[in-house]
Amino acid sequence: MPQQPTYTINEAAALTGLHRNTIRQRIRLGQLDATIQPGKFGDEYRIAHGALVAAGLLAAQGPLGEDVPAEAVLDAEFTPEGENGARIQTAVPVEESSGEGAQALAHSTLSALAELYQRHEQAMFRLGYLQSELERVKSLAETAESLQQDRAARDQQLESMRGALHESQLEKERQAREAETLRQELERAQERLREMEGLRQDIDQLKDHAGKQERLIDELVTAAQKRPWWQFWKP
């Protein structure tokens with residue numbers, strides 16, 4: 001008996017038209033037989049051609065490419081999954097499939113079911129991809145909205161800080177004007193103080209002069225009292 005060819009996950013996906021994640025999931029769920037063999041980059045799954053046929057992923061063909069009779073593949077093990085995970089019963093009793101018309105009908109039915117199942121798998125894969133893209137777009141939209149809200153909050157905070165800075169500048173200008181006014185008043189007070197100091201010095205000089213005049217008058221009075229009245233002309 002010739003040895004059946006084996007395929008990697010990528011080769012089986014290309015051969016059946018399914019996504020490689022679908023092939024890997026079928027292996028993990030036990031729906032597709034596979035063996036682990038050493039490969040180019042380490043251990044890898046190898047899937048026999050018969051396993052793909054038994055799982056309904058490939059049409060059954062003989063060694064020379066002719067169709068295998070339906071009795072060889074129609075059994076209870078060939079039960080592909082339906083849309084909700086239920087298995088579709090495709091087993092046909094051997095006694096009811098006698099005759100060329102029954103074989104052709106069974107083969108066409110299996111081919112149609114396999115094609116329908118493949119289309120369903122592809123549609124589910126596209127649906128999952130679209131759902132993931134939708135979730136990603138929603139996440140990006142939420143992130144953009146959050147960033148927009150943060151930006152609005154920062155703009156409001158910046159505007160508030162600008163207002164506070166403007167008020168602070170106005171307050172500094174007001175204080176500077178008050179300081180200038182106080183400086184001018186201080187200069188005027190110092191000028192008045194210098195004027196008052198000059199007046200005080202003038203008053204002191206006048207007091208000294210008045211004191212000298214009083215002393216001179218006292219000396220004259222004293223001298224006049226000492227000499228007789230008839231000698232008033234003498235000094």
# chains A, B, ... in the order shown; residues from 1 in each chain; ligands from 1

$ closest_atom_pairs --of "range 93-201 of chain A" --to "range 18-27 of chain A" --cutoff "10 Å" --atoms "only C-alpha atoms" --output "tab-separated table"
residue	atom	partner	partner_atom	distance
A:Gln118	CA	A:Leu18	CA	6.9
A:Arg119	CA	A:Leu18	CA	8.9
A:Glu121	CA	A:Leu18	CA	7.0
A:Gln122	CA	A:Leu18	CA	6.5
A:Phe125	CA	A:His19	CA	7.6

$ closest_residue --among "A:Leu220, A:Leu110, A:Ala14, A:Leu147" --to "Ala54 in chain A" --atoms "only C-alpha atoms"
A:Leu110

$ closest_residue --among "A:Val221, A:Ala112, A:Ile36, A:Ala189" --to "Tyr7 in chain A" --atoms "only C-alpha atoms"
A:Ile36
